[in-house]
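Report on the structure given below.
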Amino acid sequence: MLKNWLKIAFINYRKNWLSTIINILGLSVGLCVFLLIFIHWQDEKSYESWVPDKDNIYLVENHVSNFGDLTQSSYPQLYASKEKFPEIEDFAIANIWSDYKVKLVAGSNSSYSSTGQVTNSFFKFFPFQAVAGSIHNALENQTQITLSEETAKQLFGDEYKNCIGKTVKTDQNGKLYTVSLVYRLPKENSVFKSDYLIKENQEPSEDQWLSYSFYGFFKLKPGTNVKLLEDKLSKQQQYHEEILSKKWGNEVNKKDLTKVYLTPLPKIKLQAKGEGISKGDNRSIRILLGLSALILILSGINLINLKTAQASQRAKEVGVRKVVGSTKSKLVLQFLLETFMICFAAYMLALALLELLLPSYNHFLGKNITLNDPKIFIYTAALLVIYALVSGLVPALYISNFKPINTLKGNFSRSRNGILLRNFILTLQLIISSFFIICSMIIYIQVKFMMNKDLGFNGNQVIQIDFKKTNFHEKDYDVRKYELLRNEVKKIPGVADVTGSVQSLGMGLRNASIAKYATDTTKIVENVAVGGIDENYFRFYNIKIVEGNDLNWKKASDTINGTLVNETFVRKMGWNNRQAIGKEILPGWERKKKYKILGVVKDFYYGGVDKPIDPAAFYNYDRNWAKNNMVNLQIKLDKNDINGTLERIKEFWITKAEPGYPYDFEFVDKQFAKTFEKFQKQQTLFTMLNIVVLVIALLGLFALSSLLIEQKLKDVAIKKTLGADEKTIVWDLTKRFLLICLIAVFISIPFGYYAMNEWLKDFAYRIDMPVWPYVLSLFLLLILTFVVVSFKAYRATKINLVKYLKYE
């Protein structure tokens with residue numbers, strides 16, 4: 001019986017070779033796209049899976065009114081919570097900075113390494129494998145340092161396993177540390193991959209309750225009610241927030257006090273509410289996963305539609321089999337087997353495509369995903385079986401329900417039920433296609449809008465070089481290092497100008513505080529970007545001063561307590577630009593000192609244009625804490641010799657400025673462009689998915705129209721005999737498909753509008769919902785449908801009339 005079924009299956013595959021190829025290609029492409037997104041999702045979910053007690057470890061996050069969701073906590077918050085709440089077994093701090101490099105020196109060897117500051121409980125939470133030393137007493141005091149295996153090899157060579165007790169010097173503070181542990185970093189995905197760790201030096205202080213500076217983790221007792229503990233932690237934080245606000249003379253909005261959230265360790269990559277801890281883009285991945293599932297459904301629709309369309313060709317076969325005693329269940333199994341064989345062939349082709357495309361996909365995402373997780377194949381194999389059952393069962397049941405007496409008379413092709421089912425499935429297919437077209441065009445418009453938005457500054461031919469917080473020419477302060485580097489770089493031929501600032505364009509806010517109107521302290525502006533700047537900063541970037549004057553660096557009053565603010569700051573104070581000039585403010589970064597507003601600068605962006613511009617205040621970098629945070633140079637290059645100037649700067653940097661350190665720079669406009677990357681990737685992925693959807697839909701439409709038109713060839717022959725011209729015949733064969741397309745687009749419009757309106761809510765500066773993508777989707781699908789169907793319809797008008805009329 002099975003052998004007979006297989007013979008019949010291959011006969012039908014060969015007979016309907018076009019629809020078979022389209023089914024296999026459509027399914028393989030759909031499966032490949034789904035698998036690419038799925039393995040990306042699985043890779044993001046796998047972070048910290050190596051931690052033994054991961055299910056009881058939680059990241060402590062805070063929603064703060066001034067700053068929104070923060071991944072960081074305060075030290076007193078963590079310390080006091082562990083003492084107060086018995087549900088908390090212990091806490092750990094893990095301030096890991098993978099991008100911040102420090103030079104370690106041991107003898108004549110050095111290593112440029114990423115750093116981390118942690119509490120001594122860190123290794124209880126995250127038990128790295130010890131290569132030398134013990135994790136149990138690795139960070140008992142501030143003089144100890146732990147090294148990764150690779151860093152230890154660089155510092156001590158082949159004898160790295162015997163380095164316990166030896167000393168290492170850092171350029172961060174010139175301090176000597178004793179090596180207490182060499183650990184092996186986890187091979188699995190993890191955000192905790194510092195080259196070396198030292199102990200966090202912090203003591204609990206009441207004034208630091210609102211200083212959110214630490215990545216804190218709680219280990220909870222099994223069975224803890226996490227929601228109840230979150231409420232307790234929130235009330236504790238709110239209590240201290242009110243105390244400190246009264247102490248500092250700030251108003252407290254009781255409706256928007258701090259709330260504490262506990263995010264499970266295995267979910268911090270995808271579900272952390274704040275930025276930091278290498279946060280992934282959970283929403284985008286879920287959207288892409290849903291869209292790839294839609295593509296998979298679309299491929300299944302093709303399969304169902306083509307199988308039901310082929311029903312008339314197999315109606316007599318079914319009728320004969322039923323007459324000779326075949327049961328309905330056997331017929332269903334036979335057709336399911338045929339569907340499963342197509343699905344299996346598509347699955348194998350999809351795996352081959354996946355292996356071929358994975359390197360490019362990894363490069364696009366900046367990841368290193370591999371296919372070594374057996375769970376992926378188990379999940380996808382199970383998905384294949386379910387998919388084959390669902391997509392095969394509908395046509396199988398449909399065909400097996402034929403009544404022998406009707407099918408043997410040959411009148412099944414006119415079954416109203418068969419036509420309605422095909423029309424419904426085709427409509428659903430075109431709804432999905434229209435939805436993708438609408439969404440991809442709106443995403444394109446929004447991303448283009450952001451990329452073309454006036455940033456408020458000119459960063460052309462400007463590079464930024466970060467330097468280290470170390471001595472330069474034997475001077476003790478970072479500000480002196482900045483000034484010496486600035487003056488030396490200015491002398492290099494091809495350098496047009498040099499400036500510096502605490503805040504870096506394209507990097508978002510590094511420092512923020514509050515500011516009050518000195519005359520009326522009830523007027524408060526929160527989350528003010530505070531930026532020490534060099535004398536020429538606004539001229540350097542062509543940032544316009546719309547009211548008042550720039551800081552006069554020859555005037556003591558300007559440099560000591562003068563400030564410029566941006567337009568957003570002025571609006572939030574309730575003033576206009578002219579009213580702001582001469583007003584005095586009390587900034588949070590210096591509580592007792594008044595700053596006089598000398599000018600208002602036009603709003604410009606520090607970070608991405610998806611977020612609103614923050615209020616900002618600017619002042620002389622050498623008058624307060626900012627002087628120890630001038631850690632980068634911004635250099636404008638002469639456009640006539642950019643490459644030569646870059647080479648000269650590099651030579652100066654590696655020989656005189658910071659010998660022994662990697663030389664690294666970034667063009668400011670490219671650095672700012674990175675803020676668009678997330679949305680450009682979304683746009684690219686959605687465009688690729690849209691192309692896949694259209695190709696699958698049009699291939700399915702072509703195969704379906706081919707089958708249906710072939711069933712009408714006798715009607716075409718009769719019409720031609722009676723004198724119908726080619727245009728009339730083509731229109732008769734295509735108009736039904738065009739009507740289905742029209743209905744599908746109108747149904748898709750509300751779904752597309754809702755989805756895009758939700759997506760656009762993430763943007764502070766967004767386009768108004770455009771109309772033309774909906775109109776264009778209609779015309780584009782109508783044209784494509786007409787072209788695809790009319791091609792086959794036109795060929796139908798060229799048939800041999802004798803062939804179809806000789807038996808009439």
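All residue names refer to the structure tokens as shown: chains lettered A, B, ... in order, residues numbered from 1 in each chain, ligands numbered from 1 in order.
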For Ala793 in chain A: contacts at 8 Å, only C-alpha atoms, fewer than 4 positions along chain excluded, given as a list in words: Ile709, Ile729, Val730, Leu733, Thr734, Val789 and Thr797 of chain A
List every residue of range 486-534 of chain A that has an atom at most 9 Å from any atom of range 665-668 of chain A, and for each one report the closest atom pair and its distance in Å to one decimal, counting only C-alpha atoms, with rows sorted by chain and then by increasing residue number, as CSV.
```
residue,atom,partner,partner_atom,distance
A:Ser504,CA,A:Val668,CA,8.9
A:Leu505,CA,A:Val668,CA,6.8
A:Gly506,CA,A:Val668,CA,7.1
```
Find the residue from A:Leu296, A:Leu288, A:Ile437, A:Leu430 that sits nearest to Leu383 in chain A; use only C-alpha atoms when measuring.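 Among the listed residues, the smallest separation from Leu383 in chain A belongs to A:Leu296.
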Just asking: which residues within range 168-286 of chain A are strand (DSSP E or B) according to DSSP, as a ChimeraX atom specification? /A:168-170,176-184,196-199,214,216-220,259-264,275
Secondary structure check, helix (DSSP H, G or I) residues of range 539-608 of chain A, as a PDB file with all heavy atoms, in the first residue's frame:
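Printed below is part-v1.pdb as written:
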```pdb
ATOM      1  N   ARG A 539      31.398  77.318  17.983  1.00  0.00           N
ATOM      2  CA  ARG A 539      31.911  77.706  16.659  1.00  0.00           C
ATOM      3  C   ARG A 539      32.408  76.478  15.908  1.00  0.00           C
ATOM      4  O   ARG A 539      32.236  76.372  14.694  1.00  0.00           O
ATOM      5  CB  ARG A 539      33.057  78.723  16.823  1.00  0.00           C
ATOM      6  CG  ARG A 539      32.648  80.031  17.462  1.00  0.00           C
ATOM      7  CD  ARG A 539      33.748  81.093  17.314  1.00  0.00           C
ATOM      8  NE  ARG A 539      35.019  80.663  17.875  1.00  0.00           N
ATOM      9  CZ  ARG A 539      35.353  80.786  19.149  1.00  0.00           C
ATOM     10  NH1 ARG A 539      34.503  81.332  20.013  1.00  0.00           N
ATOM     11  NH2 ARG A 539      36.539  80.383  19.589  1.00  0.00           N
ATOM     12  N   PHE A 540      33.037  75.565  16.622  1.00  0.00           N
ATOM     13  CA  PHE A 540      33.607  74.349  16.027  1.00  0.00           C
ATOM     14  C   PHE A 540      32.527  73.542  15.300  1.00  0.00           C
ATOM     15  O   PHE A 540      32.735  73.061  14.193  1.00  0.00           O
ATOM     16  CB  PHE A 540      34.238  73.514  17.138  1.00  0.00           C
ATOM     17  CG  PHE A 540      34.940  72.268  16.684  1.00  0.00           C
ATOM     18  CD1 PHE A 540      36.290  72.280  16.403  1.00  0.00           C
ATOM     19  CD2 PHE A 540      34.249  71.067  16.566  1.00  0.00           C
ATOM     20  CE1 PHE A 540      36.949  71.120  15.999  1.00  0.00           C
ATOM     21  CE2 PHE A 540      34.891  69.908  16.160  1.00  0.00           C
ATOM     22  CZ  PHE A 540      36.251  69.934  15.873  1.00  0.00           C
ATOM     23  N   ALA A 556      36.117  86.990  33.711  1.00  0.00           N
ATOM     24  CA  ALA A 556      36.075  86.053  34.841  1.00  0.00           C
ATOM     25  C   ALA A 556      34.655  85.667  35.213  1.00  0.00           C
ATOM     26  O   ALA A 556      34.376  84.509  35.512  1.00  0.00           O
ATOM     27  CB  ALA A 556      36.792  86.678  36.052  1.00  0.00           C
ATOM     28  N   SER A 557      33.730  86.636  35.174  1.00  0.00           N
ATOM     29  CA  SER A 557      32.350  86.327  35.566  1.00  0.00           C
ATOM     30  C   SER A 557      31.718  85.311  34.629  1.00  0.00           C
ATOM     31  O   SER A 557      30.924  84.464  35.048  1.00  0.00           O
ATOM     32  CB  SER A 557      31.503  87.602  35.597  1.00  0.00           C
ATOM     33  OG  SER A 557      31.491  88.208  34.313  1.00  0.00           O
ATOM     34  N   ASP A 558      32.054  85.355  33.347  1.00  0.00           N
ATOM     35  CA  ASP A 558      31.518  84.393  32.380  1.00  0.00           C
ATOM     36  C   ASP A 558      32.059  82.996  32.636  1.00  0.00           C
ATOM     37  O   ASP A 558      31.325  82.003  32.581  1.00  0.00           O
ATOM     38  CB  ASP A 558      31.877  84.803  30.949  1.00  0.00           C
ATOM     39  CG  ASP A 558      30.965  85.903  30.428  1.00  0.00           C
ATOM     40  OD1 ASP A 558      30.288  86.547  31.264  1.00  0.00           O
ATOM     41  OD2 ASP A 558      30.931  86.119  29.206  1.00  0.00           O
ATOM     42  N   THR A 559      33.346  82.890  32.889  1.00  0.00           N
ATOM     43  CA  THR A 559      33.948  81.571  33.031  1.00  0.00           C
ATOM     44  C   THR A 559      33.699  80.958  34.406  1.00  0.00           C
ATOM     45  O   THR A 559      33.726  79.737  34.552  1.00  0.00           O
ATOM     46  CB  THR A 559      35.466  81.642  32.781  1.00  0.00           C
ATOM     47  OG1 THR A 559      36.043  82.587  33.695  1.00  0.00           O
ATOM     48  CG2 THR A 559      35.768  82.072  31.362  1.00  0.00           C
ATOM     49  N   ILE A 560      33.450  81.797  35.420  1.00  0.00           N
ATOM     50  CA  ILE A 560      33.239  81.258  36.768  1.00  0.00           C
ATOM     51  C   ILE A 560      31.792  80.810  36.973  1.00  0.00           C
ATOM     52  O   ILE A 560      31.532  79.707  37.454  1.00  0.00           O
ATOM     53  CB  ILE A 560      33.627  82.304  37.839  1.00  0.00           C
ATOM     54  CG1 ILE A 560      35.140  82.529  37.808  1.00  0.00           C
ATOM     55  CG2 ILE A 560      33.193  81.840  39.235  1.00  0.00           C
ATOM     56  CD1 ILE A 560      35.599  83.675  38.688  1.00  0.00           C
ATOM     57  N   ASN A 561      30.831  81.649  36.595  1.00  0.00           N
ATOM     58  CA  ASN A 561      29.435  81.270  36.852  1.00  0.00           C
ATOM     59  C   ASN A 561      28.505  81.583  35.681  1.00  0.00           C
ATOM     60  O   ASN A 561      27.312  81.763  35.853  1.00  0.00           O
ATOM     61  CB  ASN A 561      28.902  81.939  38.134  1.00  0.00           C
ATOM     62  CG  ASN A 561      28.894  83.451  38.015  1.00  0.00           C
ATOM     63  OD1 ASN A 561      29.360  84.005  37.030  1.00  0.00           O
ATOM     64  ND2 ASN A 561      28.367  84.115  39.023  1.00  0.00           N
ATOM     65  N   GLU A 567      17.357  75.496  23.819  1.00  0.00           N
ATOM     66  CA  GLU A 567      15.962  75.939  23.698  1.00  0.00           C
ATOM     67  C   GLU A 567      15.017  75.064  24.509  1.00  0.00           C
ATOM     68  O   GLU A 567      14.022  75.557  25.063  1.00  0.00           O
ATOM     69  CB  GLU A 567      15.550  75.925  22.218  1.00  0.00           C
ATOM     70  CG  GLU A 567      16.287  76.937  21.372  1.00  0.00           C
ATOM     71  CD  GLU A 567      16.012  76.776  19.895  1.00  0.00           C
ATOM     72  OE1 GLU A 567      16.267  75.666  19.373  1.00  0.00           O
ATOM     73  OE2 GLU A 567      15.542  77.736  19.265  1.00  0.00           O
ATOM     74  N   THR A 568      15.313  73.783  24.593  1.00  0.00           N
ATOM     75  CA  THR A 568      14.464  72.879  25.367  1.00  0.00           C
ATOM     76  C   THR A 568      14.474  73.267  26.842  1.00  0.00           C
ATOM     77  O   THR A 568      13.437  73.254  27.510  1.00  0.00           O
ATOM     78  CB  THR A 568      14.932  71.421  25.199  1.00  0.00           C
ATOM     79  OG1 THR A 568      14.816  71.054  23.823  1.00  0.00           O
ATOM     80  CG2 THR A 568      14.093  70.469  26.039  1.00  0.00           C
ATOM     81  N   PHE A 569      15.639  73.613  27.374  1.00  0.00           N
ATOM     82  CA  PHE A 569      15.742  74.061  28.764  1.00  0.00           C
ATOM     83  C   PHE A 569      14.850  75.277  28.987  1.00  0.00           C
ATOM     84  O   PHE A 569      14.115  75.360  29.983  1.00  0.00           O
ATOM     85  CB  PHE A 569      17.200  74.404  29.086  1.00  0.00           C
ATOM     86  CG  PHE A 569      17.430  74.828  30.512  1.00  0.00           C
ATOM     87  CD1 PHE A 569      17.896  73.920  31.454  1.00  0.00           C
ATOM     88  CD2 PHE A 569      17.176  76.136  30.926  1.00  0.00           C
ATOM     89  CE1 PHE A 569      18.102  74.310  32.775  1.00  0.00           C
ATOM     90  CE2 PHE A 569      17.376  76.533  32.234  1.00  0.00           C
ATOM     91  CZ  PHE A 569      17.847  75.614  33.168  1.00  0.00           C
ATOM     92  N   VAL A 570      14.904  76.221  28.076  1.00  0.00           N
ATOM     93  CA  VAL A 570      14.116  77.449  28.198  1.00  0.00           C
ATOM     94  C   VAL A 570      12.623  77.142  28.201  1.00  0.00           C
ATOM     95  O   VAL A 570      11.863  77.661  29.023  1.00  0.00           O
ATOM     96  CB  VAL A 570      14.477  78.431  27.062  1.00  0.00           C
ATOM     97  CG1 VAL A 570      13.536  79.638  27.071  1.00  0.00           C
ATOM     98  CG2 VAL A 570      15.929  78.877  27.183  1.00  0.00           C
ATOM     99  N   ARG A 571      12.206  76.284  27.287  1.00  0.00           N
ATOM    100  CA  ARG A 571      10.777  75.934  27.214  1.00  0.00           C
ATOM    101  C   ARG A 571      10.305  75.265  28.495  1.00  0.00           C
ATOM    102  O   ARG A 571       9.203  75.539  28.984  1.00  0.00           O
ATOM    103  CB  ARG A 571      10.526  75.017  26.012  1.00  0.00           C
ATOM    104  CG  ARG A 571      10.511  75.728  24.678  1.00  0.00           C
ATOM    105  CD  ARG A 571       9.895  74.847  23.598  1.00  0.00           C
ATOM    106  NE  ARG A 571      10.605  73.583  23.456  1.00  0.00           N
ATOM    107  CZ  ARG A 571      11.657  73.400  22.665  1.00  0.00           C
ATOM    108  NH1 ARG A 571      12.136  74.414  21.954  1.00  0.00           N
ATOM    109  NH2 ARG A 571      12.241  72.229  22.574  1.00  0.00           N
ATOM    110  N   LYS A 572      11.120  74.351  29.024  1.00  0.00           N
ATOM    111  CA  LYS A 572      10.719  73.641  30.238  1.00  0.00           C
ATOM    112  C   LYS A 572      10.656  74.571  31.460  1.00  0.00           C
ATOM    113  O   LYS A 572       9.943  74.288  32.419  1.00  0.00           O
ATOM    114  CB  LYS A 572      11.662  72.454  30.498  1.00  0.00           C
ATOM    115  CG  LYS A 572      11.459  71.298  29.527  1.00  0.00           C
ATOM    116  CD  LYS A 572      12.322  70.111  29.874  1.00  0.00           C
ATOM    117  CE  LYS A 572      12.044  68.935  28.941  1.00  0.00           C
ATOM    118  NZ  LYS A 572      10.716  68.349  29.160  1.00  0.00           N
ATOM    119  N   MET A 573      11.400  75.678  31.424  1.00  0.00           N
ATOM    120  CA  MET A 573      11.314  76.661  32.494  1.00  0.00           C
ATOM    121  C   MET A 573      10.095  77.568  32.334  1.00  0.00           C
ATOM    122  O   MET A 573       9.744  78.325  33.239  1.00  0.00           O
ATOM    123  CB  MET A 573      12.583  77.513  32.536  1.00  0.00           C
ATOM    124  CG  MET A 573      13.690  76.933  33.396  1.00  0.00           C
ATOM    125  SD  MET A 573      13.259  76.901  35.145  1.00  0.00           S
ATOM    126  CE  MET A 573      14.810  76.367  35.876  1.00  0.00           C
ATOM    127  N   ASN A 577      13.064  82.705  24.731  1.00  0.00           N
ATOM    128  CA  ASN A 577      14.521  82.837  24.665  1.00  0.00           C
ATOM    129  C   ASN A 577      15.016  84.162  25.242  1.00  0.00           C
ATOM    130  O   ASN A 577      16.029  84.211  25.953  1.00  0.00           O
ATOM    131  CB  ASN A 577      14.997  82.686  23.214  1.00  0.00           C
ATOM    132  CG  ASN A 577      14.806  81.269  22.697  1.00  0.00           C
ATOM    133  OD1 ASN A 577      14.662  80.330  23.486  1.00  0.00           O
ATOM    134  ND2 ASN A 577      14.800  81.108  21.376  1.00  0.00           N
ATOM    135  N   ARG A 578      14.310  85.233  24.939  1.00  0.00           N
ATOM    136  CA  ARG A 578      14.748  86.542  25.425  1.00  0.00           C
ATOM    137  C   ARG A 578      14.607  86.652  26.941  1.00  0.00           C
ATOM    138  O   ARG A 578      15.457  87.225  27.617  1.00  0.00           O
ATOM    139  CB  ARG A 578      13.932  87.636  24.726  1.00  0.00           C
ATOM    140  CG  ARG A 578      14.351  89.053  25.107  1.00  0.00           C
ATOM    141  CD  ARG A 578      13.752  90.076  24.179  1.00  0.00           C
ATOM    142  NE  ARG A 578      14.279  89.935  22.824  1.00  0.00           N
ATOM    143  CZ  ARG A 578      13.888  90.698  21.803  1.00  0.00           C
ATOM    144  NH1 ARG A 578      12.969  91.632  21.977  1.00  0.00           N
ATOM    145  NH2 ARG A 578      14.417  90.523  20.600  1.00  0.00           N
ATOM    146  N   GLN A 579      13.524  86.092  27.478  1.00  0.00           N
ATOM    147  CA  GLN A 579      13.304  86.149  28.932  1.00  0.00           C
ATOM    148  C   GLN A 579      14.398  85.386  29.694  1.00  0.00           C
ATOM    149  O   GLN A 579      14.712  85.710  30.840  1.00  0.00           O
ATOM    150  CB  GLN A 579      11.939  85.551  29.281  1.00  0.00           C
ATOM    151  CG  GLN A 579      10.753  86.411  28.878  1.00  0.00           C
ATOM    152  CD  GLN A 579       9.435  85.688  29.083  1.00  0.00           C
ATOM    153  OE1 GLN A 579       9.398  84.449  29.095  1.00  0.00           O
ATOM    154  NE2 GLN A 579       8.345  86.444  29.231  1.00  0.00           N
ATOM    155  N   ALA A 580      14.971  84.366  29.078  1.00  0.00           N
ATOM    156  CA  ALA A 580      15.959  83.526  29.772  1.00  0.00           C
ATOM    157  C   ALA A 580      17.265  84.258  30.037  1.00  0.00           C
ATOM    158  O   ALA A 580      17.962  83.964  31.020  1.00  0.00           O
ATOM    159  CB  ALA A 580      16.237  82.268  28.952  1.00  0.00           C
TER     160      ALA A 580
END
```
So, with only C-alpha atoms as the atoms that count, which of A:Ser194, A:Asn56, A:Thr20, A:Gln202 lies closest to Tyr75 in chain A?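 Closest to Tyr75 in chain A of all the choices is A:Gln202.
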Under the rule that only C-alpha atoms are counted, which of A:Ile585, A:Asp669, A:Ala272, A:Gly608 is the nearest residue to Phe457 in chain A?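 With only C-alpha atoms as the atom set, the closest residue is A:Asp669.
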